[in-house]
Amino acid sequence: MSITFDKVEHVYGKGTSFEKMALKNVSFHIRDGEFIGIIGHTGSGKSTLIQHMNGLLKCTGGNIYYDGKDISDREYDRKTLRQNVGIVFQYPEHQLFEATVGKDVAFGPGNLGLPDLQADLRTYEALKSVGIDDSLLDVSPFDLSGGQKRRVAIAGVLAMKPKVLILDEPAAGLDPVGRRDILEMIARIRREENITVVLVSHSMEDVAEYVDRIMVMNDGALAMDGTVEEVFARKEELEEMGLSVPQITLLMQDLKDDGLIDETGIYTMDEAVRILSQRLLKR
Amino acid sequence: MIRDITIGQYYPSESVIHRLDARVKFIATIAYVIAIFLFDTFWGFLPAAVWLLTIIIVSGIPFRFILKGLKAVLFLLLFLVIFNALMTPGEVLVQWWIFKITDKGLTNAGFMALRLSMLVIGSGMMTYTTTPSQLTSGMESLFKPLGIFKVPVHEVAMMMSIALRFIPILLEETDKIMKAQQARGADFESGNIFRRAKALIPVLVPLFVSAFRRAGELAEAMEARCYHGGKGRTKLHPLKFAARDYISLALIIGFVVGMGFVP
């Protein structure tokens, strides 16, 4: 599904003293199958933006199109939209409610009106792809560990079989291993299911490592939109917005400034390791 | 939707009313409430209405915001008006089938509606202009004498301020959980009342879980900072009467004494 935002605007609490412009003139186009990272300072409008992507919030100005169709149209099927665009909110484990893991994951498919057998099948599949063992199917989700809870909650959204998966800080509050596991899992699911993924993150490292294209939100506006290289090349501007470039990029830039390496624009650890080991071998 | 409920909210502003001592505002509210329940003549309501209007204008809170607060009691208001108009015996003005509207019923309904809306707006004015912490701190100090009768005044005030503090947090949490479940295809808007009630389970369970979690965390944080109840506890911002508070108090006393002369 391609997503187009055309001059989208959102104002909270219009006409009160609490009025706040959360989105200003945001326009972009997301093609099918892209892996997008959204970065931005706290309160820059990231969460508001993603809630527009499946119609949970309605824009107060502008238009949003899915596959060329305006979602604010009266005839537009919003239920199908929510099925096609899955959002995993921050700390998704806080939305678990059922008595067992299996039932909780089956909540989404059940809402779609699928027959039990098919809903069960999707539940198994979703739990498998997030790496939750079958033996946990009948366990209460409240008895799981934090990382497991988060996986189950993500499975709850995956079971809807969305074509666009949006994740708001999916790795927040996890330990380094848990972080990596969750992000690797998302990248793998994207490859296997061939879906569009939008990853909202505070971590420049995670974004540099996984996504193809970065959108930078600042004060409700889309400040930058481009490939990882394009965005992280504008270090000064990012720093003005309270953001940064990956730490490895800073380190490699220092090495370059000292004349130890020739390459610039290194954004991931893997790349840095490759370049540095080449250097060592040459010696 | 949920955010539309303005009653009990604080409306930040810099007016004199906002700066008044919470105790003065509390006493004023009580005097005002007594006044509107004591009188049932037009001349009795007039001073109270003028009093309320003055406060609204001085406080600088927009009328629209105040009217939104009334929306919460709209149904109660309609209910009271209809029942008062139909159920009061007296001289019949209009009759249709078994429904009779009497002259007395009509005046009763009118006064009832006036009384209730003035009560809601008046008590709303207090919460709009007073932060929850000032409010509880004011009540704690006003009710302190009850401590003689072993009423745990401080503890009750603390519970109240925590409860008030949690209202916006829980509202926000509800909003978040509802959105998360909607993203999983939950439908809160269609179906009959039973279906809708059932549809709320996926919201209520996580809400309770998070409320308990937050309560536990708060209790731990309070204990970590050596909270041990009201004994020997001092305040960062002790309530202190300023000139404006004495003047307001004098005005309130004048109002109360004046009520005695109203026919």
# chains A, B, ... in the order shown; residues from 1 in each chain; ligands from 1
call {"tool": "residues_around", "arguments": {"residues": "stretch 172-189 of chain B", "least_positions_apart": "5", "cutoff": "7 Å", "atoms": "only C-alpha atoms", "output": "MDAnalysis selection string"}}
result
(chainID A and resid 56 82:83 86:87 89 95 108 111:112 157) or (chainID B and resid 196 199 203 207)
call {"tool": "write_last_selection", "arguments": {"atoms": "all heavy atoms", "output": "tab-separated table (two decimals), in the first residue's frame"}}
result
chain	number	residue	atom	x	y	z
A	56	LEU	N	-6.73	6.80	13.31
A	56	LEU	CA	-7.12	6.97	14.71
A	56	LEU	C	-7.31	8.45	15.00
A	56	LEU	O	-8.14	8.83	15.81
A	56	LEU	CB	-6.04	6.40	15.64
A	56	LEU	CG	-6.03	4.89	15.80
A	56	LEU	CD1	-4.84	4.47	16.62
A	56	LEU	CD2	-7.31	4.40	16.45
A	82	ARG	N	-7.76	-0.06	9.19
A	82	ARG	CA	-7.11	-0.44	10.45
A	82	ARG	C	-6.55	-1.84	10.40
A	82	ARG	O	-5.58	-2.15	11.09
A	82	ARG	CB	-8.11	-0.32	11.60
A	82	ARG	CG	-8.44	1.12	11.83
A	82	ARG	CD	-8.86	1.44	13.22
A	82	ARG	NE	-9.15	2.87	13.27
A	82	ARG	CZ	-10.22	3.39	13.80
A	82	ARG	NH1	-11.09	2.62	14.39
A	82	ARG	NH2	-10.41	4.69	13.79
A	83	GLN	N	-7.16	-2.68	9.57
A	83	GLN	CA	-6.63	-4.03	9.42
A	83	GLN	C	-5.35	-3.99	8.60
A	83	GLN	O	-4.38	-4.68	8.91
A	83	GLN	CB	-7.69	-4.88	8.72
A	83	GLN	CG	-7.20	-6.27	8.40
A	83	GLN	CD	-8.17	-6.96	7.47
A	83	GLN	OE1	-9.30	-6.55	7.30
A	83	GLN	NE2	-7.69	-8.03	6.85
A	86	GLY	N	-1.21	-1.76	10.71
A	86	GLY	CA	-1.11	-2.14	12.11
A	86	GLY	C	-0.19	-1.20	12.85
A	86	GLY	O	0.90	-0.89	12.37
A	87	ILE	N	-0.66	-0.70	14.02
A	87	ILE	CA	0.21	0.16	14.82
A	87	ILE	C	0.57	-0.57	16.11
A	87	ILE	O	-0.30	-1.07	16.81
A	87	ILE	CB	-0.47	1.49	15.17
A	87	ILE	CG1	-0.72	2.31	13.91
A	87	ILE	CG2	0.41	2.29	16.13
A	87	ILE	CD1	-1.09	3.74	14.19
A	89	PHE	N	1.93	0.46	19.51
A	89	PHE	CA	2.22	1.67	20.26
A	89	PHE	C	3.38	1.47	21.21
A	89	PHE	O	3.84	0.35	21.43
A	89	PHE	CB	0.98	2.10	21.05
A	89	PHE	CG	-0.05	2.74	20.20
A	89	PHE	CD1	-1.13	2.02	19.72
A	89	PHE	CD2	0.06	4.08	19.85
A	89	PHE	CE1	-2.07	2.62	18.91
A	89	PHE	CE2	-0.88	4.68	19.05
A	89	PHE	CZ	-1.94	3.96	18.57
A	95	GLN	N	-1.28	-3.14	26.82
A	95	GLN	CA	-2.63	-3.32	26.29
A	95	GLN	C	-3.10	-4.77	26.40
A	95	GLN	O	-4.21	-5.10	26.01
A	95	GLN	CB	-2.66	-2.90	24.82
A	95	GLN	CG	-1.97	-3.93	23.95
A	95	GLN	CD	-1.71	-3.46	22.54
A	95	GLN	OE1	-1.53	-2.27	22.29
A	95	GLN	NE2	-1.72	-4.39	21.62
A	108	GLY	N	-7.38	-9.59	17.80
A	108	GLY	CA	-7.43	-8.86	16.53
A	108	GLY	C	-8.13	-9.65	15.43
A	108	GLY	O	-9.12	-9.19	14.86
A	111	ASN	N	-11.76	-9.81	15.91
A	111	ASN	CA	-12.46	-8.57	15.55
A	111	ASN	C	-12.66	-8.45	14.05
A	111	ASN	O	-13.55	-7.73	13.59
A	111	ASN	CB	-11.68	-7.36	16.04
A	111	ASN	CG	-11.84	-7.16	17.53
A	111	ASN	OD1	-12.87	-7.50	18.09
A	111	ASN	ND2	-10.82	-6.61	18.17
A	112	LEU	N	-11.82	-9.13	13.29
A	112	LEU	CA	-11.97	-9.07	11.84
A	112	LEU	C	-13.10	-9.97	11.37
A	112	LEU	O	-13.47	-9.98	10.21
A	112	LEU	CB	-10.67	-9.51	11.15
A	112	LEU	CG	-9.44	-8.66	11.40
A	112	LEU	CD1	-8.24	-9.25	10.66
A	112	LEU	CD2	-9.68	-7.24	10.96
A	157	VAL	N	-0.68	-7.60	16.98
A	157	VAL	CA	-0.87	-6.73	15.81
A	157	VAL	C	-0.54	-7.50	14.52
A	157	VAL	O	-1.25	-7.39	13.53
A	157	VAL	CB	0.00	-5.45	15.93
A	157	VAL	CG1	-0.11	-4.61	14.67
A	157	VAL	CG2	-0.44	-4.64	17.14
B	196	ARG	N	-21.62	-3.00	23.55
B	196	ARG	CA	-20.68	-1.91	23.86
B	196	ARG	C	-20.03	-2.11	25.21
B	196	ARG	O	-18.85	-1.84	25.38
B	196	ARG	CB	-21.44	-0.58	23.86
B	196	ARG	CG	-21.70	-0.10	22.48
B	196	ARG	CD	-22.08	1.34	22.55
B	196	ARG	NE	-22.86	1.68	21.38
B	196	ARG	CZ	-23.11	2.92	21.02
B	196	ARG	NH1	-22.67	3.91	21.75
B	196	ARG	NH2	-23.81	3.18	19.95
B	199	ALA	N	-17.45	-4.63	24.85
B	199	ALA	CA	-16.32	-4.11	24.09
B	199	ALA	C	-15.35	-3.34	24.98
B	199	ALA	O	-14.21	-3.10	24.61
B	199	ALA	CB	-16.81	-3.22	22.94
B	203	VAL	N	-10.46	-2.64	27.40
B	203	VAL	CA	-9.93	-1.35	27.87
B	203	VAL	C	-9.80	-1.37	29.38
B	203	VAL	O	-8.80	-0.94	29.94
B	203	VAL	CB	-10.85	-0.19	27.43
B	203	VAL	CG1	-10.36	1.11	28.01
B	203	VAL	CG2	-10.94	-0.13	25.93
B	207	LEU	N	-6.51	-1.05	31.98
B	207	LEU	CA	-6.58	0.19	32.75
B	207	LEU	C	-6.40	-0.10	34.25
B	207	LEU	O	-5.65	0.59	34.94
B	207	LEU	CB	-7.93	0.87	32.49
B	207	LEU	CG	-8.07	2.27	33.06
B	207	LEU	CD1	-7.05	3.20	32.41
B	207	LEU	CD2	-9.47	2.79	32.84
call {"tool": "interface_residues", "arguments": {"of": "chain A", "to": "chain B", "cutoff": "10 Å", "atoms": "only C-alpha atoms", "output": "number ranges by chain"}}
result
A: 13, 15-18, 51, 54-57, 79-90, 92-98, 104-113, 142, 156-160
call {"tool": "residues_around", "arguments": {"residues": "stretch 170-178 of chain A", "least_positions_apart": "2", "cutoff": "9 Å", "atoms": "only C-alpha atoms", "output": "PyMOL selection string"}}
result
chain A and resi 88-92+146-147+150+154+167-168+180-183+199-202
call {"tool": "select_by_dssp", "arguments": {"residues": "stretch 62-215 of chain B", "states": "strand (DSSP E)", "output": "list in words"}}
result
Val92, Leu93, Val94, Gln95, Trp96, Phe99, Lys100, Ile101 and Thr102 of chain B
call {"tool": "residues_around", "arguments": {"residues": "A:Gly33", "least_positions_apart": "5", "cutoff": "7 Å", "atoms": "only C-alpha atoms", "output": "ChimeraX atom specification"}}
result
/A:194-196
call {"tool": "write_last_selection", "arguments": {"atoms": "all heavy atoms", "output": "mmCIF file, in the first residue's frame"}}
result
data_model
loop_
_atom_site.group_PDB
_atom_site.id
_atom_site.type_symbol
_atom_site.label_atom_id
_atom_site.label_comp_id
_atom_site.auth_asym_id
_atom_site.auth_seq_id
_atom_site.Cartn_x
_atom_site.Cartn_y
_atom_site.Cartn_z
ATOM 1 N N ASN A 194 7.189 -9.175 3.344
ATOM 2 C CA ASN A 194 7.258 -8.165 2.293
ATOM 3 C C ASN A 194 6.290 -7.006 2.555
ATOM 4 O O ASN A 194 5.474 -6.652 1.707
ATOM 5 C CB ASN A 194 6.976 -8.829 0.945
ATOM 6 C CG ASN A 194 7.530 -7.996 -0.187
ATOM 7 O OD1 ASN A 194 8.358 -7.113 0.060
ATOM 8 N ND2 ASN A 194 7.078 -8.251 -1.392
ATOM 9 N N ILE A 195 6.354 -6.447 3.767
ATOM 10 C CA ILE A 195 5.440 -5.364 4.127
ATOM 11 C C ILE A 195 6.203 -4.052 4.285
ATOM 12 O O ILE A 195 7.430 -4.045 4.362
ATOM 13 C CB ILE A 195 4.691 -5.674 5.453
ATOM 14 C CG1 ILE A 195 5.680 -6.002 6.564
ATOM 15 C CG2 ILE A 195 3.694 -6.791 5.243
ATOM 16 C CD1 ILE A 195 5.028 -6.238 7.902
ATOM 17 N N THR A 196 5.441 -2.959 4.321
ATOM 18 C CA THR A 196 6.016 -1.648 4.585
ATOM 19 C C THR A 196 6.176 -1.513 6.097
ATOM 20 O O THR A 196 5.261 -1.856 6.839
ATOM 21 C CB THR A 196 5.052 -0.551 4.089
ATOM 22 O OG1 THR A 196 4.676 -0.856 2.763
ATOM 23 C CG2 THR A 196 5.691 0.817 4.172
#
call {"tool": "residues_around", "arguments": {"residues": "B:Ser59", "least_positions_apart": "2", "cutoff": "7 Å", "atoms": "only C-alpha atoms", "output": "list of chain:residue names"}}
result
B:Ser15, B:Val16, B:Ile17, B:His18, B:Ile55, B:Ile56, B:Ile57, B:Ile61
call {"tool": "write_last_selection", "arguments": {"atoms": "N, CA, C and O atoms", "output": "PDB file, in the first residue's frame"}}
result
ATOM      1  N   SER B  15      -5.213  35.584  36.906  1.00  0.00           N
ATOM      2  CA  SER B  15      -6.169  36.527  37.492  1.00  0.00           C
ATOM      3  C   SER B  15      -6.075  36.582  39.024  1.00  0.00           C
ATOM      4  O   SER B  15      -5.442  35.735  39.662  1.00  0.00           O
ATOM      5  N   VAL B  16      -6.722  37.599  39.604  1.00  0.00           N
ATOM      6  CA  VAL B  16      -6.769  37.748  41.063  1.00  0.00           C
ATOM      7  C   VAL B  16      -7.427  36.518  41.681  1.00  0.00           C
ATOM      8  O   VAL B  16      -6.993  36.029  42.726  1.00  0.00           O
ATOM      9  N   ILE B  17      -8.478  36.030  41.025  1.00  0.00           N
ATOM     10  CA  ILE B  17      -9.188  34.867  41.559  1.00  0.00           C
ATOM     11  C   ILE B  17      -8.230  33.673  41.637  1.00  0.00           C
ATOM     12  O   ILE B  17      -8.223  32.932  42.616  1.00  0.00           O
ATOM     13  N   HIS B  18      -7.396  33.521  40.635  1.00  0.00           N
ATOM     14  CA  HIS B  18      -6.443  32.414  40.644  1.00  0.00           C
ATOM     15  C   HIS B  18      -5.467  32.540  41.815  1.00  0.00           C
ATOM     16  O   HIS B  18      -5.040  31.547  42.372  1.00  0.00           O
ATOM     17  N   ILE B  55     -17.282  36.946  39.280  1.00  0.00           N
ATOM     18  CA  ILE B  55     -16.131  36.054  39.423  1.00  0.00           C
ATOM     19  C   ILE B  55     -15.683  35.530  38.064  1.00  0.00           C
ATOM     20  O   ILE B  55     -14.489  35.492  37.750  1.00  0.00           O
ATOM     21  N   ILE B  56     -16.654  35.167  37.224  1.00  0.00           N
ATOM     22  CA  ILE B  56     -16.299  34.631  35.905  1.00  0.00           C
ATOM     23  C   ILE B  56     -15.525  35.678  35.102  1.00  0.00           C
ATOM     24  O   ILE B  56     -14.488  35.385  34.505  1.00  0.00           O
ATOM     25  N   ILE B  57     -16.035  36.926  35.143  1.00  0.00           N
ATOM     26  CA  ILE B  57     -15.387  37.978  34.345  1.00  0.00           C
ATOM     27  C   ILE B  57     -13.981  38.269  34.881  1.00  0.00           C
ATOM     28  O   ILE B  57     -13.015  38.327  34.119  1.00  0.00           O
ATOM     29  N   ILE B  61     -11.791  33.396  32.521  1.00  0.00           N
ATOM     30  CA  ILE B  61     -12.004  32.093  31.885  1.00  0.00           C
ATOM     31  C   ILE B  61     -13.086  32.250  30.826  1.00  0.00           C
ATOM     32  O   ILE B  61     -14.155  32.788  31.101  1.00  0.00           O
TER      33      ILE B  61
END
call {"tool": "atom_distance", "arguments": {"atom1": "atom CA of B:Pro132", "atom2": "atom CA of A:Val11"}}
result
27.1 Å
call {"tool": "closest_atom_pairs", "arguments": {"of": "stretch 183-260 of chain A", "to": "stretch 269-273 of chain A", "cutoff": "12 Å", "atoms": "only C-alpha atoms", "output": "Markdown table"}}
result
| residue | atom | partner | partner_atom | distance |
| --- | --- | --- | --- | --- |
| A:Met204 | CA | A:Met269 | CA | 11.9 |
| A:Glu205 | CA | A:Met269 | CA | 8.5 |
| A:Asp206 | CA | A:Met269 | CA | 10.4 |
| A:Ala208 | CA | A:Met269 | CA | 9.5 |
| A:Glu209 | CA | A:Met269 | CA | 8.0 |
| A:Tyr210 | CA | A:Met269 | CA | 11.6 |
| A:Pro246 | CA | A:Met269 | CA | 9.3 |
| A:Gln247 | CA | A:Met269 | CA | 9.3 |
| A:Ile248 | CA | A:Met269 | CA | 6.5 |
| A:Thr249 | CA | A:Ala272 | CA | 8.5 |
| A:Leu250 | CA | A:Ala272 | CA | 11.2 |
| A:Leu251 | CA | A:Ala272 | CA | 9.4 |
| A:Met252 | CA | A:Ala272 | CA | 7.4 |
| A:Gln253 | CA | A:Ala272 | CA | 10.8 |
| A:Leu255 | CA | A:Ala272 | CA | 11.0 |
| A:Lys256 | CA | A:Ala272 | CA | 11.9 |
call {"tool": "write_last_selection", "arguments": {"atoms": "N, CA, C and O atoms", "output": "mmCIF file, in the first residue's frame"}}
result
data_model
loop_
_atom_site.group_PDB
_atom_site.id
_atom_site.type_symbol
_atom_site.label_atom_id
_atom_site.label_comp_id
_atom_site.auth_asym_id
_atom_site.auth_seq_id
_atom_site.Cartn_x
_atom_site.Cartn_y
_atom_site.Cartn_z
ATOM 1 N N MET A 204 19.495 6.916 17.032
ATOM 2 C CA MET A 204 20.068 7.123 15.707
ATOM 3 C C MET A 204 20.741 5.852 15.218
ATOM 4 O O MET A 204 20.732 5.550 14.029
ATOM 5 N N GLU A 205 21.331 5.093 16.153
ATOM 6 C CA GLU A 205 22.039 3.872 15.786
ATOM 7 C C GLU A 205 21.068 2.868 15.174
ATOM 8 O O GLU A 205 21.338 2.294 14.125
ATOM 9 N N ASP A 206 19.914 2.675 15.852
ATOM 10 C CA ASP A 206 18.937 1.699 15.359
ATOM 11 C C ASP A 206 18.445 2.108 13.980
ATOM 12 O O ASP A 206 18.330 1.278 13.074
ATOM 13 N N ALA A 208 19.914 4.049 11.737
ATOM 14 C CA ALA A 208 20.967 3.914 10.722
ATOM 15 C C ALA A 208 21.131 2.461 10.316
ATOM 16 O O ALA A 208 21.371 2.141 9.159
ATOM 17 N N GLU A 209 20.999 1.566 11.276
ATOM 18 C CA GLU A 209 21.251 0.158 11.030
ATOM 19 C C GLU A 209 20.167 -0.499 10.182
ATOM 20 O O GLU A 209 20.460 -1.335 9.341
ATOM 21 N N TYR A 210 18.912 -0.134 10.419
ATOM 22 C CA TYR A 210 17.847 -0.929 9.817
ATOM 23 C C TYR A 210 17.096 -0.274 8.660
ATOM 24 O O TYR A 210 16.686 -0.955 7.740
ATOM 25 N N PRO A 246 24.631 8.907 14.459
ATOM 26 C CA PRO A 246 25.082 7.760 15.245
ATOM 27 C C PRO A 246 26.483 8.006 15.823
ATOM 28 O O PRO A 246 27.310 8.679 15.199
ATOM 29 N N GLN A 247 26.721 7.444 16.999
ATOM 30 C CA GLN A 247 28.007 7.661 17.673
ATOM 31 C C GLN A 247 29.175 7.171 16.831
ATOM 32 O O GLN A 247 30.223 7.791 16.791
ATOM 33 N N ILE A 248 28.944 6.053 16.127
ATOM 34 C CA ILE A 248 30.029 5.484 15.314
ATOM 35 C C ILE A 248 30.432 6.460 14.205
ATOM 36 O O ILE A 248 31.600 6.549 13.828
ATOM 37 N N THR A 249 29.444 7.237 13.718
ATOM 38 C CA THR A 249 29.743 8.224 12.674
ATOM 39 C C THR A 249 30.680 9.294 13.227
ATOM 40 O O THR A 249 31.627 9.723 12.549
ATOM 41 N N LEU A 250 30.407 9.731 14.468
ATOM 42 C CA LEU A 250 31.264 10.740 15.102
ATOM 43 C C LEU A 250 32.687 10.207 15.267
ATOM 44 O O LEU A 250 33.665 10.889 14.954
ATOM 45 N N LEU A 251 32.775 8.957 15.724
ATOM 46 C CA LEU A 251 34.090 8.350 15.945
ATOM 47 C C LEU A 251 34.865 8.257 14.623
ATOM 48 O O LEU A 251 36.046 8.644 14.543
ATOM 49 N N MET A 252 34.179 7.778 13.579
ATOM 50 C CA MET A 252 34.850 7.594 12.294
ATOM 51 C C MET A 252 35.249 8.943 11.697
ATOM 52 O O MET A 252 36.261 9.055 11.019
ATOM 53 N N GLN A 253 34.450 9.963 11.985
ATOM 54 C CA GLN A 253 34.802 11.291 11.490
ATOM 55 C C GLN A 253 36.077 11.785 12.171
ATOM 56 O O GLN A 253 36.954 12.364 11.530
ATOM 57 N N LEU A 255 38.474 9.897 13.331
ATOM 58 C CA LEU A 255 39.586 9.138 12.762
ATOM 59 C C LEU A 255 39.994 9.716 11.412
ATOM 60 O O LEU A 255 41.176 9.798 11.080
ATOM 61 N N LYS A 256 38.976 10.130 10.662
ATOM 62 C CA LYS A 256 39.264 10.715 9.346
ATOM 63 C C LYS A 256 39.998 12.056 9.515
ATOM 64 O O LYS A 256 40.973 12.346 8.822
#
call {"tool": "select_by_dssp", "arguments": {"residues": "stretch 11-257 of chain B", "states": "alpha helix (DSSP H)", "output": "number ranges by chain"}}
result
B: 16-19, 22-38, 42-59, 63-71, 74-87, 103-129, 132-142, 153-183, 193-199, 201-224, 243-257
call {"tool": "residues_around", "arguments": {"residues": "stretch 134-143 of chain B", "least_positions_apart": "5", "cutoff": "12 Å", "atoms": "only C-alpha atoms", "output": "compact mmCIF listing (two decimals) with C-alpha atoms, in the first residue's frame"}}
result
# COMPACT_ATOMS: atom_id res chain seq x y z
CA GLY B 8 -12.81 19.67 37.78
CA GLN B 9 -10.06 20.80 35.44
CA TYR B 10 -7.67 23.60 36.23
CA HIS B 18 -6.44 32.41 40.64
CA ARG B 19 -4.12 33.98 43.19
CA LEU B 20 -6.61 34.04 46.04
CA ASP B 21 -6.02 31.76 48.99
CA ALA B 22 -7.68 28.38 48.38
CA ARG B 23 -9.39 28.60 51.79
CA VAL B 24 -11.08 31.86 50.85
CA LYS B 25 -12.33 30.34 47.62
CA PHE B 26 -13.57 27.30 49.49
CA ILE B 27 -15.52 29.40 52.01
CA MET B 126 -13.38 26.95 42.16
CA THR B 127 -11.63 24.05 40.43
CA TYR B 128 -10.90 26.07 37.29
CA THR B 129 -9.06 28.70 39.33
CA ILE B 148 -9.55 16.62 67.69
CA PHE B 149 -12.20 14.01 66.86
CA LYS B 150 -9.49 11.69 65.52
CA VAL B 151 -10.40 12.39 61.90
CA PRO B 152 -7.27 11.71 59.81
CA VAL B 153 -7.48 15.09 58.06
CA HIS B 154 -4.04 15.01 56.47
CA GLU B 155 -4.42 11.46 55.19
CA VAL B 156 -7.82 12.20 53.66
CA ALA B 157 -6.43 15.34 52.01
CA MET B 158 -3.46 13.39 50.68
CA MET B 159 -5.74 10.70 49.27
CA MET B 160 -7.85 13.38 47.66
CA SER B 161 -4.91 15.09 46.05
CA ILE B 162 -3.56 11.78 44.76
CA ALA B 163 -7.00 10.89 43.37
CA LEU B 164 -7.24 14.27 41.65
CA ARG B 165 -3.72 13.92 40.33
CA GLY B 230 0.95 14.22 58.42
CA THR B 234 5.95 20.95 56.69
CA LYS B 235 4.90 22.54 53.44
CA LEU B 236 6.88 24.02 50.59
CA HIS B 237 4.22 26.62 49.93
CA PRO B 238 2.40 27.28 53.20
CA LEU B 239 -0.94 29.02 52.66
CA LYS B 240 -0.71 32.63 53.76
CA PHE B 241 -3.38 35.29 53.77
call {"tool": "residues_around", "arguments": {"residues": "stretch 227-244 of chain A", "least_positions_apart": "5", "cutoff": "12 Å", "atoms": "only C-alpha atoms", "output": "PyMOL selection string"}}
result
chain A and resi 34-44+201-222+249-250+253+264-268
call {"tool": "atom_distance", "arguments": {"atom1": "atom CA of B:Phe111", "atom2": "atom CA of B:Phe39"}}
result
9.5 Å
call {"tool": "closest_residue", "arguments": {"among": "B:Ile247, B:Leu70, B:Leu119, B:Val94", "to": "B:Tyr32", "atoms": "only C-alpha atoms"}}
result
B:Leu119
call {"tool": "atom_distance", "arguments": {"atom1": "atom CA of B:Gly90", "atom2": "atom CA of B:Phe75"}}
result
25.5 Å
call {"tool": "closest_residue", "arguments": {"among": "B:Lys104, B:Arg233, B:Arg244, B:Arg214", "to": "B:Leu86", "atoms": "only C-alpha atoms"}}
result
B:Lys104
call {"tool": "decode", "arguments": {"residues": "stretch 48-59 of chain A", "atoms": "N, CA, C and O atoms", "output": "PDB file, in the first residue's frame"}}
result
ATOM      1  N   THR A  48       1.675  11.798  16.915  1.00  0.00           N
ATOM      2  CA  THR A  48       0.502  12.327  16.233  1.00  0.00           C
ATOM      3  C   THR A  48       0.520  11.891  14.776  1.00  0.00           C
ATOM      4  O   THR A  48      -0.507  11.496  14.229  1.00  0.00           O
ATOM      5  N   LEU A  49       1.689  11.942  14.179  1.00  0.00           N
ATOM      6  CA  LEU A  49       1.823  11.564  12.771  1.00  0.00           C
ATOM      7  C   LEU A  49       1.395  10.120  12.530  1.00  0.00           C
ATOM      8  O   LEU A  49       0.569   9.841  11.655  1.00  0.00           O
ATOM      9  N   ILE A  50       1.907   9.208  13.358  1.00  0.00           N
ATOM     10  CA  ILE A  50       1.600   7.799  13.081  1.00  0.00           C
ATOM     11  C   ILE A  50       0.132   7.494  13.362  1.00  0.00           C
ATOM     12  O   ILE A  50      -0.436   6.617  12.735  1.00  0.00           O
ATOM     13  N   GLN A  51      -0.484   8.235  14.285  1.00  0.00           N
ATOM     14  CA  GLN A  51      -1.902   7.965  14.536  1.00  0.00           C
ATOM     15  C   GLN A  51      -2.782   8.401  13.367  1.00  0.00           C
ATOM     16  O   GLN A  51      -3.930   7.979  13.259  1.00  0.00           O
ATOM     17  N   HIS A  52      -2.240   9.261  12.518  1.00  0.00           N
ATOM     18  CA  HIS A  52      -2.990   9.620  11.316  1.00  0.00           C
ATOM     19  C   HIS A  52      -2.914   8.516  10.275  1.00  0.00           C
ATOM     20  O   HIS A  52      -3.747   8.429   9.395  1.00  0.00           O
ATOM     21  N   MET A  53      -1.864   7.687  10.408  1.00  0.00           N
ATOM     22  CA  MET A  53      -1.623   6.705   9.351  1.00  0.00           C
ATOM     23  C   MET A  53      -2.667   5.614   9.314  1.00  0.00           C
ATOM     24  O   MET A  53      -2.811   4.940   8.308  1.00  0.00           O
ATOM     25  N   ASN A  54      -3.378   5.373  10.434  1.00  0.00           N
ATOM     26  CA  ASN A  54      -4.472   4.394  10.318  1.00  0.00           C
ATOM     27  C   ASN A  54      -5.808   4.995  10.744  1.00  0.00           C
ATOM     28  O   ASN A  54      -6.722   4.284  11.129  1.00  0.00           O
ATOM     29  N   GLY A  55      -5.891   6.298  10.682  1.00  0.00           N
ATOM     30  CA  GLY A  55      -7.184   6.939  10.891  1.00  0.00           C
ATOM     31  C   GLY A  55      -7.634   7.036  12.335  1.00  0.00           C
ATOM     32  O   GLY A  55      -8.793   7.311  12.609  1.00  0.00           O
ATOM     33  N   LEU A  56      -6.726   6.797  13.306  1.00  0.00           N
ATOM     34  CA  LEU A  56      -7.117   6.969  14.707  1.00  0.00           C
ATOM     35  C   LEU A  56      -7.315   8.448  15.002  1.00  0.00           C
ATOM     36  O   LEU A  56      -8.143   8.831  15.810  1.00  0.00           O
ATOM     37  N   LEU A  57      -6.540   9.282  14.370  1.00  0.00           N
ATOM     38  CA  LEU A  57      -6.743  10.724  14.457  1.00  0.00           C
ATOM     39  C   LEU A  57      -7.103  11.210  13.061  1.00  0.00           C
ATOM     40  O   LEU A  57      -6.590  10.709  12.072  1.00  0.00           O
ATOM     41  N   LYS A  58      -7.990  12.198  13.035  1.00  0.00           N
ATOM     42  CA  LYS A  58      -8.330  12.771  11.732  1.00  0.00           C
ATOM     43  C   LYS A  58      -7.593  14.086  11.585  1.00  0.00           C
ATOM     44  O   LYS A  58      -7.537  14.877  12.533  1.00  0.00           O
ATOM     45  N   CYS A  59      -7.042  14.308  10.410  1.00  0.00           N
ATOM     46  CA  CYS A  59      -6.299  15.542  10.231  1.00  0.00           C
ATOM     47  C   CYS A  59      -7.267  16.720  10.185  1.00  0.00           C
ATOM     48  O   CYS A  59      -8.390  16.597   9.696  1.00  0.00           O
TER      49      CYS A  59
END
